[in-house]
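To start, the structure under review is shown below, and the notes come after it.
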Amino acid sequence: MRRYVGRADTCIGTRRNSEPKEEHDMTETISSTHSDSGPAGVTTGAVPPAKSIPFTQVPLVDFQGFRDGTDADKKRVAAEIGKALNDVGFFYLVNHGIPAGDVADVFGAARGFFTQPAGRKDAVSSENTSNHRGYFPMGGENVDPAHTRDLKEGFDIGFEGPLAQEAAGKGGLRGLNQWPDDPPGFRPALERYYEHTVALGRDLCRAFALALDMEEDTFDREIEHSESRMRLLSYPPQPGGPKDSRAFGAGAHTDCGCLTILAQDAIGGLSARNSAGDWIAVDPIENALICNVGDIMEQWSGGRFASTVHRVINDSDRIRYSVALFFNPNLDVVVDSFKSLTGAKSAGGKSTTEEYLGCCFSETRSACQLP
Ligand SMILES: O=C(O)CCC(=O)C(=O)O
Ligand SMILES: [Fe+2]
């Protein structure tokens, strides 16, 4: 069974990790999965455990072959993704199918929103809600307890669906989004981008299933009513680097859900930690999205995919913007490793997605652990 080192103190879609987490030494998990081959068709040993390798760069994957290629193309692309997730936990994705104009619009919306006076942003404060949707100000979160509060502000939306109105105000993660009046076009830009990225998240989960030697639709049921969250982020400049070595844009953390699809502007500042403890830059590549696995997918994959620690430092002299889509399972799915998906031994999952994400989103995050 996997254990995490350190305490969680995190935010929407993210879980801290200031201490090096157990560096994907999945011996115990893997030995248990190896002792059982599952009815869903996992061949024992087909996919190795996530490696504890000191990666030095993030691989780039062309998704075209998965979107409209032959079965063999799909398998090839899935295998590339599987290797990237096994070795690094992160990859760049090009030819992902999201129109560049829609990406530009969501960045325009972010810039227009965050550059408004504080009072206008506070009108849609996430404090108005119990489901963590809306605006949070600079320092509103701290993903790494060893650091000061994060130097970023953000705006969150989530899945609404037909039951959103009924669920509103009932205390769960379901419910309605908050929408500011300004800037014009804000809501349609976010809703369009949300739809694109959730659809891409579903396709990526299919690629992940193939990469794990499972049927392509293995995860489909678990993500049918995906409680995915989208977050706009704005990081103030820290020219010359942080004056206080504990004050980062986003402290070291892992993400909580299945996977994260990140669009960043041209400024840079994101980095991922390898097994040697080195921070490897995940610099912007034009038209590429960055994908990384979160804790739930690491758990689902029995440790074959790595939920890698990452952080953000904006040491430029300009505001940095990014847009993250945290792709999550249905809220009622019990997060367990492989049992339901492959028949391999369970890691003993007890938390539902809603419980785990709720913990990740809360201010008392120290107990956010999967088995
Ligand atoms: O802004 C970024 O580049 C990454 C943000 C991030 O890691 C997160 O919000 O979980
Ligand atoms: Fe993150």
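By convention here, the chains of the structure tokens are called A, B, ... in the order presented, each chain's residues are numbered starting at 1, and ligands are numbered starting at 1 in the order presented.
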
Dump the neighbourhood of ligand 1 as a ChimeraX atom specification: all residues within 7 Å, distances computed on only C-alpha atoms and all ligand atoms.
/A:13-14,233,250,255,262,264,269-270,310-312,322-324

Same residues, N, CA, C and O atoms, saved as an mmCIF file, in the first residue's frame:
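Saved the output as out.cif:
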data_model
loop_
_atom_site.group_PDB
_atom_site.id
_atom_site.type_symbol
_atom_site.label_atom_id
_atom_site.label_comp_id
_atom_site.auth_asym_id
_atom_site.auth_seq_id
_atom_site.Cartn_x
_atom_site.Cartn_y
_atom_site.Cartn_z
ATOM 1 N N GLY A 13 -8.318 20.784 -6.748
ATOM 2 C CA GLY A 13 -7.618 19.979 -7.742
ATOM 3 C C GLY A 13 -6.155 19.726 -7.436
ATOM 4 O O GLY A 13 -5.463 19.112 -8.213
ATOM 5 N N THR A 14 -5.666 20.215 -6.322
ATOM 6 C CA THR A 14 -4.261 19.994 -6.047
ATOM 7 C C THR A 14 -4.063 19.486 -4.634
ATOM 8 O O THR A 14 -4.861 19.745 -3.746
ATOM 9 N N LEU A 233 -5.966 31.046 -13.629
ATOM 10 C CA LEU A 233 -4.958 31.438 -12.644
ATOM 11 C C LEU A 233 -4.181 32.657 -13.112
ATOM 12 O O LEU A 233 -3.861 32.792 -14.303
ATOM 13 N N ALA A 250 2.877 28.872 -6.867
ATOM 14 C CA ALA A 250 2.178 27.695 -6.330
ATOM 15 C C ALA A 250 3.251 26.790 -5.738
ATOM 16 O O ALA A 250 4.197 26.411 -6.433
ATOM 17 N N ASP A 255 -1.506 16.946 -8.062
ATOM 18 C CA ASP A 255 -2.918 17.215 -8.337
ATOM 19 C C ASP A 255 -3.745 16.027 -7.832
ATOM 20 O O ASP A 255 -3.254 14.909 -7.747
ATOM 21 N N LEU A 262 -3.422 21.475 -18.853
ATOM 22 C CA LEU A 262 -3.031 22.852 -18.548
ATOM 23 C C LEU A 262 -2.636 23.614 -19.810
ATOM 24 O O LEU A 262 -1.846 23.127 -20.613
ATOM 25 N N GLN A 264 -0.807 27.198 -20.661
ATOM 26 C CA GLN A 264 -0.088 28.294 -20.017
ATOM 27 C C GLN A 264 0.286 29.320 -21.074
ATOM 28 O O GLN A 264 0.419 28.988 -22.251
ATOM 29 N N GLY A 269 7.491 29.087 -15.936
ATOM 30 C CA GLY A 269 7.508 29.125 -14.475
ATOM 31 C C GLY A 269 7.051 27.833 -13.829
ATOM 32 O O GLY A 269 7.266 27.621 -12.633
ATOM 33 N N LEU A 270 6.428 26.952 -14.636
ATOM 34 C CA LEU A 270 6.008 25.650 -14.098
ATOM 35 C C LEU A 270 7.206 24.703 -14.124
ATOM 36 O O LEU A 270 7.960 24.680 -15.097
ATOM 37 N N HIS A 310 4.831 19.142 -8.565
ATOM 38 C CA HIS A 310 5.184 20.287 -9.415
ATOM 39 C C HIS A 310 4.922 21.591 -8.661
ATOM 40 O O HIS A 310 4.288 21.585 -7.603
ATOM 41 N N ARG A 311 5.411 22.699 -9.221
ATOM 42 C CA ARG A 311 5.238 24.011 -8.571
ATOM 43 C C ARG A 311 5.343 25.093 -9.636
ATOM 44 O O ARG A 311 5.748 24.822 -10.776
ATOM 45 N N VAL A 312 5.004 26.319 -9.236
ATOM 46 C CA VAL A 312 5.088 27.454 -10.160
ATOM 47 C C VAL A 312 5.826 28.607 -9.475
ATOM 48 O O VAL A 312 5.524 28.954 -8.332
ATOM 49 N N SER A 322 -2.550 31.135 -16.531
ATOM 50 C CA SER A 322 -2.691 29.751 -16.982
ATOM 51 C C SER A 322 -4.140 29.324 -16.756
ATOM 52 O O SER A 322 -4.880 29.969 -16.007
ATOM 53 N N VAL A 323 -4.513 28.256 -17.442
ATOM 54 C CA VAL A 323 -5.881 27.730 -17.332
ATOM 55 C C VAL A 323 -5.765 26.222 -17.139
ATOM 56 O O VAL A 323 -5.195 25.531 -17.992
ATOM 57 N N ALA A 324 -6.278 25.743 -16.018
ATOM 58 C CA ALA A 324 -6.167 24.302 -15.719
ATOM 59 C C ALA A 324 -7.550 23.663 -15.758
ATOM 60 O O ALA A 324 -8.517 24.224 -15.236
#

Would you please extract all strand (DSSP E or B) residues from range 195-264 of chain A, as assigned by DSSP on the backbone, and give them as a list in words?
Arg229, Met230, Arg231, Leu232, Leu233, Ser234, Tyr235, Ala250, Gly251, Ala252, His253, Thr254, Asp255, Leu259, Thr260, Ile261, Leu262, Ala263 and Gln264 of chain A

Residues near Leu85 in chain A, cut-off 6 Å, only C-alpha atoms, skip fewer than 4 positions along chain, as a PDB file with all heavy atoms, in the first residue's frame:
ATOM      1  N   GLY A  89       5.139  11.335 -15.632  1.00  0.00           N
ATOM      2  CA  GLY A  89       3.850  11.789 -15.084  1.00  0.00           C
ATOM      3  C   GLY A  89       3.303  13.003 -15.808  1.00  0.00           C
ATOM      4  O   GLY A  89       2.172  13.422 -15.552  1.00  0.00           O
ATOM      5  N   PHE A  90       4.100  13.585 -16.693  1.00  0.00           N
ATOM      6  CA  PHE A  90       3.712  14.771 -17.469  1.00  0.00           C
ATOM      7  C   PHE A  90       3.997  14.504 -18.946  1.00  0.00           C
ATOM      8  O   PHE A  90       4.951  13.799 -19.283  1.00  0.00           O
ATOM      9  CB  PHE A  90       4.591  15.988 -17.098  1.00  0.00           C
ATOM     10  CG  PHE A  90       4.098  16.795 -15.937  1.00  0.00           C
ATOM     11  CD1 PHE A  90       4.135  16.293 -14.658  1.00  0.00           C
ATOM     12  CD2 PHE A  90       3.631  18.100 -16.121  1.00  0.00           C
ATOM     13  CE1 PHE A  90       3.704  17.052 -13.568  1.00  0.00           C
ATOM     14  CE2 PHE A  90       3.203  18.872 -15.046  1.00  0.00           C
ATOM     15  CZ  PHE A  90       3.241  18.339 -13.775  1.00  0.00           C
ATOM     16  N   PHE A 305       1.259   4.868 -13.276  1.00  0.00           N
ATOM     17  CA  PHE A 305       1.339   6.262 -13.712  1.00  0.00           C
ATOM     18  C   PHE A 305       1.657   7.122 -12.486  1.00  0.00           C
ATOM     19  O   PHE A 305       1.075   6.933 -11.418  1.00  0.00           O
ATOM     20  CB  PHE A 305       0.010   6.736 -14.313  1.00  0.00           C
ATOM     21  CG  PHE A 305      -0.364   6.059 -15.603  1.00  0.00           C
ATOM     22  CD1 PHE A 305      -1.673   6.124 -16.065  1.00  0.00           C
ATOM     23  CD2 PHE A 305       0.570   5.383 -16.378  1.00  0.00           C
ATOM     24  CE1 PHE A 305      -2.047   5.523 -17.259  1.00  0.00           C
ATOM     25  CE2 PHE A 305       0.205   4.768 -17.569  1.00  0.00           C
ATOM     26  CZ  PHE A 305      -1.108   4.836 -18.018  1.00  0.00           C
ATOM     27  N   ALA A 306       2.541   8.079 -12.691  1.00  0.00           N
ATOM     28  CA  ALA A 306       3.054   8.865 -11.570  1.00  0.00           C
ATOM     29  C   ALA A 306       2.338  10.205 -11.433  1.00  0.00           C
ATOM     30  O   ALA A 306       2.278  10.986 -12.380  1.00  0.00           O
ATOM     31  CB  ALA A 306       4.546   9.112 -11.775  1.00  0.00           C
TER      32      ALA A 306
END

Using only C-alpha atoms, find each residue in range 187-216 of chain A having at least one atom no more than 12 Å away from range 288-296 of chain A; report its shortest atom-to-atom pair and that distance in Å (one decimal), rows by chain then rising number, as a Markdown table.
| residue | atom | partner | partner_atom | distance |
| --- | --- | --- | --- | --- |
| A:Thr197 | CA | A:Leu289 | CA | 10.2 |
| A:Leu200 | CA | A:Cys291 | CA | 10.6 |
| A:Gly201 | CA | A:Cys291 | CA | 9.4 |
| A:Leu204 | CA | A:Cys291 | CA | 9.3 |
| A:Cys205 | CA | A:Val293 | CA | 10.3 |
| A:Phe208 | CA | A:Val293 | CA | 10.0 |

Backbone-only DSSP, helix (DSSP H, G or I) members of range 53-281 of chain A, as a VMD selection string
chain A and resid 64 to 68 71 to 87 100 to 114 118 to 122 126 to 128 164 to 167 186 to 211 221 to 223

Selection above as a file: C-alpha atoms, as a compact mmCIF listing (two decimals), in the first residue's frame:
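Output saved as selection-v2.txt:
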# COMPACT_ATOMS: atom_id res chain seq x y z
CA GLN A 64 -3.66 13.17 -34.10
CA GLY A 65 -3.18 9.44 -34.52
CA PHE A 66 -5.39 8.75 -31.53
CA ARG A 67 -8.14 11.07 -32.73
CA ASP A 68 -8.50 9.85 -36.29
CA ASP A 71 -6.47 0.99 -34.23
CA ALA A 72 -2.74 0.51 -34.59
CA ASP A 73 -2.18 4.30 -34.55
CA LYS A 74 -4.28 4.59 -31.42
CA LYS A 75 -2.29 1.90 -29.68
CA ARG A 76 0.98 3.54 -30.70
CA VAL A 77 -0.09 6.94 -29.34
CA ALA A 78 -1.46 5.32 -26.18
CA ALA A 79 1.86 3.54 -25.66
CA GLU A 80 3.74 6.85 -25.99
CA ILE A 81 1.42 8.39 -23.41
CA GLY A 82 1.82 5.38 -21.13
CA LYS A 83 5.59 5.65 -21.26
CA ALA A 84 5.48 9.39 -20.53
CA LEU A 85 3.19 8.84 -17.55
CA ASN A 86 5.29 5.98 -16.29
CA ASP A 87 8.59 7.83 -16.58
CA ALA A 100 -6.43 27.94 -31.00
CA GLY A 101 -9.09 30.69 -31.09
CA ASP A 102 -10.97 29.11 -28.18
CA VAL A 103 -7.76 28.86 -26.17
CA ALA A 104 -6.99 32.52 -26.93
CA ASP A 105 -10.52 33.53 -25.89
CA VAL A 106 -10.22 31.89 -22.50
CA PHE A 107 -6.91 33.67 -21.87
CA GLY A 108 -8.53 36.94 -22.95
CA ALA A 109 -11.34 36.25 -20.48
CA ALA A 110 -8.81 35.55 -17.72
CA ARG A 111 -6.87 38.73 -18.36
CA GLY A 112 -10.08 40.80 -18.53
CA PHE A 113 -11.37 39.32 -15.29
CA PHE A 114 -8.24 39.46 -13.13
CA ALA A 118 -10.79 43.78 -6.35
CA GLY A 119 -14.35 44.72 -5.48
CA ARG A 120 -15.68 43.46 -8.78
CA LYS A 121 -13.88 40.15 -8.40
CA ASP A 122 -15.02 39.78 -4.80
CA SER A 126 -15.94 31.50 -3.78
CA GLU A 127 -16.67 32.33 -0.13
CA ASN A 128 -20.26 32.88 -1.28
CA ALA A 164 -27.15 21.54 -10.31
CA GLN A 165 -30.04 23.76 -9.24
CA GLU A 166 -31.36 21.16 -6.81
CA ALA A 167 -27.91 20.54 -5.38
CA PHE A 186 -16.42 35.67 -20.11
CA ARG A 187 -19.02 32.97 -19.56
CA PRO A 188 -19.25 31.62 -23.14
CA ALA A 189 -15.44 31.56 -23.45
CA LEU A 190 -15.11 29.50 -20.27
CA GLU A 191 -18.01 27.20 -21.06
CA ARG A 192 -16.68 26.48 -24.53
CA TYR A 193 -13.19 25.74 -23.27
CA TYR A 194 -14.59 23.61 -20.43
CA GLU A 195 -16.51 21.48 -22.92
CA HIS A 196 -13.47 21.03 -25.15
CA THR A 197 -11.17 20.05 -22.34
CA VAL A 198 -13.62 17.69 -20.66
CA ALA A 199 -14.10 15.93 -24.01
CA LEU A 200 -10.32 15.74 -24.38
CA GLY A 201 -10.07 14.37 -20.82
CA ARG A 202 -12.45 11.56 -21.75
CA ASP A 203 -10.35 10.70 -24.81
CA LEU A 204 -7.18 10.77 -22.76
CA CYS A 205 -8.70 8.39 -20.22
CA ARG A 206 -9.38 6.03 -23.12
CA ALA A 207 -5.76 6.34 -24.20
CA PHE A 208 -4.68 5.70 -20.59
CA ALA A 209 -6.80 2.52 -20.49
CA LEU A 210 -5.17 1.24 -23.69
CA ALA A 211 -1.75 2.16 -22.30
CA ARG A 221 -18.43 4.53 -16.51
CA GLU A 222 -16.31 6.10 -13.80
CA ILE A 223 -16.12 9.37 -15.73

For ligand 2, the nearest of the candidates A:Met214, A:Val143, A:Ile319, A:Val333, counting only C-alpha atoms and all ligand atoms:
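Nearest candidate to ligand 2 out of A:Met214, A:Val143, A:Ile319, A:Val333: A:Val143.
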
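Comparing A:Ala247, A:Pro371, A:Ala281, A:Arg318 by their smallest distance to Gln57 in chain A, the closest is A:Ala281 (using only C-alpha atoms).
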
Atom-to-atom span, CA of Ile285 in chain A and CA of Pro242 in chain A, Å
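Those two atoms sit 24.2 Å apart.
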
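Relative to CA of Gly257 in chain A, CA of Asp336 in chain A is found at 12.7 Å.
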